[in-house]
$ cat protein-v1.txt   # compact mmCIF, C-alpha atoms
# COMPACT_ATOMS: atom_id res chain seq x y z
CA MET A 1 120.45 48.14 24.56
CA ASP A 2 121.34 51.59 23.34
CA LYS A 3 121.97 54.46 25.70
CA PHE A 4 118.48 55.90 25.50
CA SER A 5 116.58 52.81 26.58
CA LEU A 6 117.09 53.69 30.25
CA TYR A 7 115.33 56.72 31.67
CA ALA A 8 114.73 58.01 35.17
CA GLY A 9 111.02 57.25 35.07
CA GLN A 10 111.81 53.55 34.93
CA PHE A 11 112.77 53.60 38.60
CA LEU A 12 109.20 54.49 39.52
CA SER A 13 106.25 52.17 39.72
CA PHE A 14 104.65 51.65 36.34
CA ARG A 15 101.23 51.21 37.82
CA GLU A 16 98.92 54.07 36.87
CA HIS A 17 96.03 54.56 39.23
CA PHE A 18 94.20 56.96 36.95
CA ALA A 19 94.17 54.56 33.99
CA PRO A 20 91.83 53.39 32.61
CA LYS A 21 89.11 55.06 34.66
CA GLY A 22 90.58 58.57 34.62
CA HIS A 23 89.64 61.39 36.96
CA ASN A 24 87.33 64.38 36.78
CA ALA A 25 89.92 67.08 37.38
CA CYS A 26 90.37 70.05 35.06
CA ALA A 27 93.12 70.20 32.46
CA GLY A 28 96.55 70.77 34.00
CA CYS A 29 95.49 70.02 37.58
CA GLY A 30 98.40 70.20 40.03
CA VAL A 31 96.54 68.12 42.61
CA ALA A 32 96.08 65.29 40.12
CA LEU A 33 99.80 65.36 39.29
CA ALA A 34 100.76 65.32 42.98
CA VAL A 35 98.30 62.52 43.78
CA ARG A 36 99.67 60.49 40.88
CA HIS A 37 103.23 60.77 42.19
CA VAL A 38 102.22 60.06 45.79
CA TYR A 39 100.38 56.92 44.66
CA LYS A 40 103.45 55.91 42.64
CA ALA A 41 105.74 56.44 45.63
CA LEU A 42 103.57 54.37 47.96
CA ASP A 43 102.79 51.61 45.47
CA GLY A 44 103.94 48.26 46.82
CA LYS A 45 104.34 49.64 50.36
CA VAL A 46 100.72 50.26 51.28
CA ASP A 47 98.39 47.30 50.70
CA ASP A 48 95.77 49.07 48.65
CA ILE A 49 96.57 52.71 48.26
CA GLU A 50 93.33 53.54 46.51
CA LYS A 51 91.38 52.48 49.59
CA ALA A 52 93.46 54.72 51.86
CA SER A 53 91.33 57.10 53.83
CA TRP A 54 90.99 60.57 52.44
CA GLN A 55 89.81 62.70 55.32
CA ILE A 56 89.03 65.42 52.81
CA PRO A 57 88.78 63.76 49.39
CA TRP A 58 90.76 65.35 46.62
CA GLU A 59 87.89 65.15 44.16
CA GLN A 60 85.87 67.34 46.51
CA ASN A 61 88.54 70.00 46.51
CA LEU A 62 88.77 70.34 42.74
CA ILE A 63 85.79 72.42 41.81
CA VAL A 64 86.53 75.74 43.40
CA GLY A 65 85.23 79.25 43.24
CA SER A 66 87.37 82.01 44.66
CA ASP A 67 85.34 82.19 47.87
CA THR A 68 83.76 78.80 48.44
CA GLY A 69 86.09 78.21 51.36
CA ALA A 70 87.25 74.86 50.00
CA GLN A 71 89.60 73.06 52.34
CA PRO A 72 92.80 71.47 51.08
CA ALA A 73 92.62 67.74 50.49
CA LEU A 74 94.06 65.55 53.22
CA LEU A 75 95.21 61.94 52.80
CA THR A 76 95.74 59.91 55.97
CA ILE A 77 97.35 56.48 55.93
CA SER A 78 97.84 54.64 59.20
CA LYS A 79 101.17 52.91 59.66
CA GLY A 80 102.41 50.90 62.58
CA ASP A 81 100.28 49.64 65.44
CA ASN A 82 100.50 52.56 67.82
CA GLY A 83 98.28 54.93 65.89
CA GLU A 84 101.12 56.42 63.90
CA MET A 85 100.08 57.87 60.59
CA LEU A 86 101.29 59.48 57.43
CA GLN A 87 99.37 62.62 56.54
CA ILE A 88 99.72 64.34 53.20
CA CYS A 89 98.03 67.69 52.64
CA PHE A 90 97.48 68.78 49.04
CA ASP A 91 97.28 72.55 49.31
CA ASN A 92 96.09 74.33 46.19
CA GLU A 93 95.60 77.64 48.03
CA ALA A 94 92.09 77.80 46.63
CA MET A 95 90.66 79.15 49.87
CA GLY A 96 92.51 82.45 49.64
CA LYS A 97 90.80 85.55 48.37
CA LYS A 98 92.12 87.52 45.42
CA ASN A 99 95.28 89.56 46.04
CA ASP A 100 95.58 88.03 49.50
CA THR A 101 99.23 87.12 49.92
CA SER A 102 98.74 85.70 53.42
CA VAL A 103 98.25 82.25 51.88
CA ILE A 104 101.93 82.18 50.95
CA ALA A 105 103.29 81.76 54.48
CA LYS A 106 103.15 78.08 55.43
CA LYS A 107 103.28 77.19 59.10
CA LEU A 108 101.90 73.67 58.98
CA PRO A 109 105.20 71.71 58.76
CA ALA A 110 106.64 73.61 61.75
CA VAL A 111 103.41 73.05 63.69
CA ALA A 112 103.51 69.34 62.84
CA ALA A 113 107.14 69.07 63.94
CA ALA A 114 106.36 70.90 67.17
CA SER A 115 103.43 68.62 67.95
CA GLY A 116 105.54 65.49 67.88
CA TYR A 117 105.60 64.38 64.26
CA GLN A 118 108.90 62.64 63.54
CA TYR A 119 109.02 63.79 59.95
CA ALA A 120 107.52 66.88 58.35
CA ALA A 121 108.30 68.27 54.91
CA THR A 122 107.14 70.47 52.08
CA ALA A 123 107.03 69.22 48.50
CA CYS A 124 105.88 70.32 45.07
CA PRO A 125 104.98 68.17 42.03
CA SER A 126 107.27 70.31 39.86
CA HIS A 127 110.13 68.43 41.57
CA PRO A 128 108.72 64.90 41.32
CA PHE A 129 111.76 62.96 42.52
CA ASP A 130 112.08 65.21 45.56
CA LEU A 131 108.36 64.60 46.28
CA ILE A 132 108.69 60.84 45.87
CA ASP A 133 111.82 60.74 48.03
CA LYS A 134 110.04 62.62 50.80
CA VAL A 135 106.95 60.41 50.68
CA ARG A 136 109.16 57.31 50.99
CA LYS A 137 111.13 58.86 53.86
CA ALA A 138 107.87 59.77 55.58
CA TRP A 139 106.63 56.20 55.18
CA GLU A 140 109.83 54.79 56.66
CA ALA A 141 110.04 57.30 59.53
CA GLU A 142 109.43 55.77 62.93
CA GLY A 143 106.71 58.06 64.19
CA SER A 144 103.97 60.02 62.49
CA ALA A 145 104.81 62.05 59.41
CA PHE A 146 103.33 65.03 57.61
CA ILE A 147 103.94 66.39 54.11
CA LEU A 148 102.57 69.63 52.73
CA VAL A 149 102.33 69.56 48.93
CA LEU A 150 101.84 72.79 47.02
CA CYS A 151 99.61 72.08 44.00
CA PRO A 152 99.25 74.89 41.45
CA CYS A 153 95.63 75.27 40.31
CA PRO A 154 95.15 76.86 36.86
CA VAL A 155 91.53 77.81 37.56
CA ALA A 156 91.84 79.43 40.97
CA TRP A 157 95.27 80.98 40.42
CA GLY A 158 94.55 82.22 36.92
CA PHE A 159 97.19 80.92 34.52
CA GLU A 160 97.24 78.76 31.42
CA PRO A 161 96.94 75.01 32.19
CA GLU A 162 100.21 74.28 30.38
CA ASN A 163 102.16 76.34 32.94
CA THR A 164 101.24 74.25 36.00
CA VAL A 165 104.70 72.73 36.40
CA GLN A 166 106.44 76.01 35.56
CA ILE A 167 104.50 77.91 38.23
CA GLY A 168 105.38 75.24 40.78
CA ARG A 169 109.03 75.55 39.82
CA LEU A 170 108.81 79.35 40.09
CA ALA A 171 107.34 79.05 43.59
CA VAL A 172 110.41 77.07 44.60
CA GLU A 173 112.93 79.21 42.75
CA THR A 174 111.58 82.49 44.13
CA ARG A 175 111.61 80.93 47.64
CA THR A 176 107.92 81.64 48.13
CA PHE A 177 107.58 77.93 48.82
CA PRO A 178 111.01 76.61 49.89
CA LEU A 179 111.38 72.84 49.84
CA TYR A 180 112.67 71.58 53.18
CA GLU A 181 112.23 68.73 55.59
CA ILE A 182 112.21 68.43 59.37
CA ALA A 183 113.53 65.01 60.29
CA SER A 184 113.26 64.39 64.04
CA GLY A 185 113.52 68.10 64.76
CA TYR A 186 116.41 68.89 62.43
CA TYR A 187 115.72 71.20 59.50
CA SER A 188 117.36 70.74 56.12
CA ILE A 189 116.67 72.53 52.86
CA THR A 190 116.43 69.96 50.07
CA ILE A 191 116.28 72.21 47.00
CA ASP A 192 118.50 75.24 47.57
CA GLU A 193 118.77 77.52 44.56
CA GLN A 194 121.89 79.67 44.83
CA ASN A 195 120.44 82.61 42.90
CA ALA A 196 116.82 83.10 43.89
CA ARG A 197 114.56 84.81 41.41
CA PRO A 198 112.62 87.92 42.50
CA VAL A 199 109.10 87.20 43.73
CA ARG A 200 107.54 89.51 41.13
CA ASP A 201 108.30 86.82 38.52
CA TYR A 202 106.00 84.51 40.45
CA LEU A 203 103.30 87.15 41.06
CA ALA A 204 103.19 88.45 37.50
CA ARG A 205 102.33 85.05 36.05
CA GLN A 206 99.10 84.72 38.04
CA ASP A 207 95.82 86.59 37.80
CA ARG A 208 95.06 86.14 41.49
CA PHE A 209 97.95 88.47 42.44
CA ALA A 210 97.18 91.06 39.75
CA ALA A 211 97.04 93.96 42.25
CA VAL A 212 100.12 92.88 44.21
CA LYS A 213 102.86 95.04 42.77
CA GLY A 214 105.02 98.02 43.68
CA LYS A 215 105.34 98.47 47.44
CA LYS A 216 103.19 95.46 48.23
CA ALA A 217 105.47 93.23 46.17
CA GLU A 218 108.54 94.69 47.86
CA ALA A 219 107.04 94.09 51.30
CA LEU A 220 106.27 90.52 50.29
CA GLN A 221 109.83 90.10 49.01
CA ALA A 222 111.22 91.28 52.36
CA GLU A 223 108.88 88.90 54.17
CA ILE A 224 110.01 85.98 52.02
CA ASN A 225 113.69 86.87 52.49
CA ASN A 226 113.22 86.96 56.27
CA ALA A 227 111.38 83.65 56.29
CA PHE A 228 114.09 82.02 54.18
CA ALA A 229 116.89 83.46 56.34
CA ALA A 230 115.14 82.03 59.42
CA LEU A 231 114.86 78.67 57.67
CA LYS A 232 118.52 78.79 56.72
CA ASP A 233 119.49 79.54 60.35
CA LYS A 234 117.47 76.57 61.58
CA SER A 235 119.05 74.26 59.02
CA LYS A 236 122.56 75.28 60.13
CA ILE A 237 122.05 73.49 63.45
CA ASN A 238 122.01 70.24 61.57
CA ALA A 239 125.13 70.88 59.51
CA MET B 1 53.98 51.82 35.27
CA SER B 2 55.68 55.13 35.00
CA VAL B 3 59.33 55.53 35.99
CA LYS B 4 59.80 56.92 39.49
CA THR B 5 62.16 59.80 40.06
CA PHE B 6 64.57 59.64 42.96
CA LYS B 7 62.38 61.98 44.99
CA GLN B 8 59.52 59.48 44.95
CA GLU B 9 61.68 56.65 46.25
CA LYS B 10 61.82 55.93 49.98
CA VAL B 11 64.84 57.06 51.91
CA GLY B 12 67.48 54.34 52.05
CA CYS B 13 66.21 52.36 49.09
CA ASN B 14 68.34 50.84 46.37
CA LEU B 15 67.98 52.27 42.88
CA LEU B 16 67.95 49.28 40.58
CA GLU B 17 67.81 51.19 37.31
CA ALA B 18 70.23 53.82 36.24
CA GLY B 19 67.61 56.11 34.73
CA LYS B 20 69.24 58.88 32.80
CA ALA B 21 72.64 58.40 34.44
CA GLN B 22 75.47 57.63 32.07
CA PRO B 23 78.86 56.04 32.69
CA PHE B 24 81.65 58.49 33.50
CA VAL B 25 83.95 59.15 30.57
CA PRO B 26 87.32 60.59 31.61
CA GLY B 27 88.89 63.44 29.73
CA THR B 28 87.14 66.47 28.36
CA LYS B 29 87.52 65.79 24.62
CA PRO B 30 90.25 68.39 24.11
CA GLU B 31 90.64 70.37 20.93
CA LEU B 32 94.40 69.96 20.93
CA GLN B 33 96.39 66.85 21.66
CA PRO B 34 100.15 66.23 21.74
CA VAL B 35 101.87 64.79 18.69
CA TRP B 36 105.47 63.54 18.94
CA ASP B 37 108.17 64.29 16.40
CA LYS B 38 110.28 61.14 16.56
CA ASP B 39 113.31 62.83 14.98
CA LEU B 40 113.59 65.26 17.89
CA CYS B 41 112.46 62.95 20.73
CA VAL B 42 115.31 61.55 22.86
CA ARG B 43 113.01 59.36 25.02
CA CYS B 44 113.81 61.22 28.24
CA ALA B 45 110.28 60.59 29.59
CA LEU B 46 109.76 64.10 30.95
CA CYS B 47 106.34 64.14 29.29
CA TYR B 48 105.50 60.84 30.97
CA LEU B 49 106.69 62.22 34.31
CA TYR B 50 104.71 65.45 34.22
CA CYS B 51 101.39 64.24 32.76
CA PRO B 52 98.71 64.84 35.43
CA ASP B 53 96.25 62.48 33.73
CA ALA B 54 98.59 59.48 33.35
CA ALA B 55 97.67 59.57 29.66
CA ILE B 56 101.21 59.22 28.29
CA SER B 57 102.73 55.76 28.18
CA ARG B 58 105.73 54.07 26.64
CA GLN B 59 105.08 52.20 23.40
CA GLU B 60 106.81 49.07 22.16
CA ASP B 61 109.20 51.07 19.99
CA GLU B 62 110.37 52.91 23.18
CA TYR B 63 108.81 56.20 22.10
CA PHE B 64 105.90 57.77 23.93
CA ASP B 65 102.33 58.22 22.89
CA VAL B 66 99.10 59.58 24.35
CA ASP B 67 95.90 57.82 25.30
CA ASP B 68 93.11 59.77 23.59
CA LYS B 69 90.57 58.82 26.24
CA LEU B 70 92.57 60.13 29.21
CA CYS B 71 94.19 63.23 27.72
CA THR B 72 92.66 66.56 28.77
CA GLY B 73 94.81 68.60 26.40
CA CYS B 74 96.47 70.73 29.07
CA GLY B 75 99.74 71.04 27.13
CA ILE B 76 102.13 70.46 30.03
CA CYS B 77 104.03 67.86 27.97
CA HIS B 78 104.42 70.37 25.13
CA ARG B 79 105.68 72.99 27.56
CA GLU B 80 108.06 70.75 29.48
CA CYS B 81 109.70 69.02 26.50
CA TRP B 82 113.28 70.31 26.36
CA PHE B 83 113.75 69.40 22.74
CA GLY B 84 110.54 70.78 21.27
CA ALA B 85 109.53 67.35 20.10
CA ILE B 86 105.90 67.68 21.15
CA SER B 87 103.47 69.92 19.31
CA MET B 88 99.83 70.41 20.12
CA GLN B 89 97.70 69.62 17.10
CA GLU B 90 94.00 69.43 16.41
CA VAL B 91 92.47 66.00 16.61
CA ASP B 92 90.01 64.72 14.06

$ encode --input "protein-v1.txt" --output "structure tokens"
Amino acid sequence: MDKFSLYAGQFLSFREHFAPKGHNACAGCGVALAVRHVYKALDGKVDDIEKASWQIPWEQNLIVGSDTGAQPALLTISKGDNGEMLQICFDNEAMGKKNDTSVIAKKLPAVAAASGYQYAATACPSHPFDLIDKVRKAWEAEGSAFILVLCPCPVAWGFEPENTVQIGRLAVETRTFPLYEIASGYYSITIDEQNARPVRDYLARQDRFAAVKGKKAEALQAEINNAFAALKDKSKINA
Amino acid sequence: MSVKTFKQEKVGCNLLEAGKAQPFVPGTKPELQPVWDKDLCVRCALCYLYCPDAAISRQEDEYFDVDDKLCTGCGICHRECWFGAISMQEVD
């Protein structure tokens, strides 16, 4: 056995749920990538993951116009006997209008934590091991759990399909979509970049934010900084 | 007897014949598909990890290859390869 015969992907389940039947998503679909990793994380834990109930199926969410009002896909798996469940929301921000930056602020994990969910987190398929770790933690948490997954969409966001993972990574590095978890009320930031990139890097790569520049971009930057500082304050309680 | 269309069938019936429906074929027959340069590949499996279509799998010689039927030609593997071992080339 030479030193290259072991790679990190070997620690994941080898079962591919998309092979051989495939899916009907577009090229470079972030939702498909996220669903693939979630299925991999839950393989062997849930009896038959493909028969899990999709309250809003992810295939339905794929074909989007800019103003069809498509809802994000929602996967619900019941665990335990007392009605506890694991809910994973695949948010591809396809319901936002063009140049509308209000989609960036995410309140769902905080709302879930406030309404009694034992575990709430945000995740992005550009950090697959972080995503898989969170899904496993959510499955093992005692009460209900919620995960919000940001899925870049090349069609609705307006970038080349090959950049899906890069855009996801930019969203995390510019702190537009910080990766954190709320375990039984305690916040902790899981991916904390020391030197955050300016948000204009993230905006400039996408057609949907073509008109967000200058003062608007600065206002958005201030908003993001405030939100991250608030998140940092909350996570200090834990430390 | 002429073939009925679905509008002429009663509500709640079973359609026994497929008509013009065809089986679903995954993938969109991309123009470009990834090709691995085995001299540069270090078998890190980043391409396998980031493929949204689960088209990339490990071969017997421990290198990676693509399933033509599943690949949509998005180019994420080409973009994410740290060593530049994957190039997108036209398929025959």

$ atom_distance --input "protein-v1.txt" --atom1 "CA of Ile104 in chain A" --atom2 "CA of Tyr186 in chain A"
22.8 Å

$ atom_distance --input "protein-v1.txt" --atom1 "CA of Glu142 in chain A" --atom2 "CA of Ala123 in chain A"
19.9 Å

$ interface_residues --input "protein-v1.txt" --of "chain B" --to "chain A" --cutoff "6 Å" --atoms "only C-alpha atoms" --output "number ranges by chain"
B: 26, 44, 52, 70, 72, 74-76

$ write_last_selection --input "protein-v1.txt" --atoms "C-alpha atoms" --output "mmCIF file, in the coordinates of the input"
data_model
loop_
_atom_site.group_PDB
_atom_site.id
_atom_site.type_symbol
_atom_site.label_atom_id
_atom_site.label_comp_id
_atom_site.auth_asym_id
_atom_site.auth_seq_id
_atom_site.Cartn_x
_atom_site.Cartn_y
_atom_site.Cartn_z
ATOM 1 C CA PRO B 26 87.320 60.590 31.610
ATOM 2 C CA CYS B 44 113.810 61.220 28.240
ATOM 3 C CA PRO B 52 98.710 64.840 35.430
ATOM 4 C CA LEU B 70 92.570 60.130 29.210
ATOM 5 C CA THR B 72 92.660 66.560 28.770
ATOM 6 C CA CYS B 74 96.470 70.730 29.070
ATOM 7 C CA GLY B 75 99.740 71.040 27.130
ATOM 8 C CA ILE B 76 102.130 70.460 30.030
#

$ closest_residue --input "protein-v1.txt" --among "A:Val111, A:Trp157, A:Phe146, A:Ile189" --to "Lys236 in chain A" --atoms "only C-alpha atoms"
A:Ile189

$ atom_distance --input "protein-v1.txt" --atom1 "CA of Leu75 in chain A" --atom2 "CA of Cys89 in chain A"
6.4 Å

$ closest_residue --input "protein-v1.txt" --among "A:Pro178, A:Gly116, A:Gly44, A:Pro72" --to "Ala145 in chain A" --atoms "all atoms listed in the file"
A:Gly116

$ residues_around --input "protein-v1.txt" --residues "range 101-103 of chain A" --least-positions-apart "6" --cutoff "8 Å" --atoms "all atoms listed in the file" --output "ChimeraX atom specification"
/A:93,209,220

$ residues_around --input "protein-v1.txt" --residues "range 179-183 of chain A" --least-positions-apart "6" --cutoff "6 Å" --atoms "all atoms listed in the file" --output "PDB file with C-alpha atoms, keeping the file's coordinate frame"
ATOM      1  CA  TYR A 119     109.020  63.790  59.950  1.00  0.00           C
ATOM      2  CA  ALA A 120     107.520  66.880  58.350  1.00  0.00           C
ATOM      3  CA  ALA A 121     108.300  68.270  54.910  1.00  0.00           C
ATOM      4  CA  THR A 122     107.140  70.470  52.080  1.00  0.00           C
ATOM      5  CA  ALA A 123     107.030  69.220  48.500  1.00  0.00           C
ATOM      6  CA  ILE A 189     116.670  72.530  52.860  1.00  0.00           C
ATOM      7  CA  THR A 190     116.430  69.960  50.070  1.00  0.00           C
ATOM      8  CA  ILE A 191     116.280  72.210  47.000  1.00  0.00           C
TER       9      ILE A 191
END

$ residues_near_point --input "protein-v1.txt" --point "(92.0, 66.4, 23.3)" --cutoff "10 Å" --atoms "only C-alpha atoms" --output "PyMOL selection string"
(chain A and resi 27) or (chain B and resi 27-34+66-75+88-92)

$ residues_near_point --input "protein-v1.txt" --point "(109.6, 65.5, 29.8)" --cutoff "6 Å" --atoms "all atoms listed in the file" --output "PyMOL selection string"
chain B and resi 45-47+80-81

$ residues_around --input "protein-v1.txt" --residues "Tyr48 in chain B" --least-positions-apart "5" --cutoff "9 Å" --atoms "only C-alpha atoms" --output "list in words"
Gly9 of chain A; Ala54, Ala55, Ile56, Ser57, Arg58, Phe64 and Cys77 of chain B
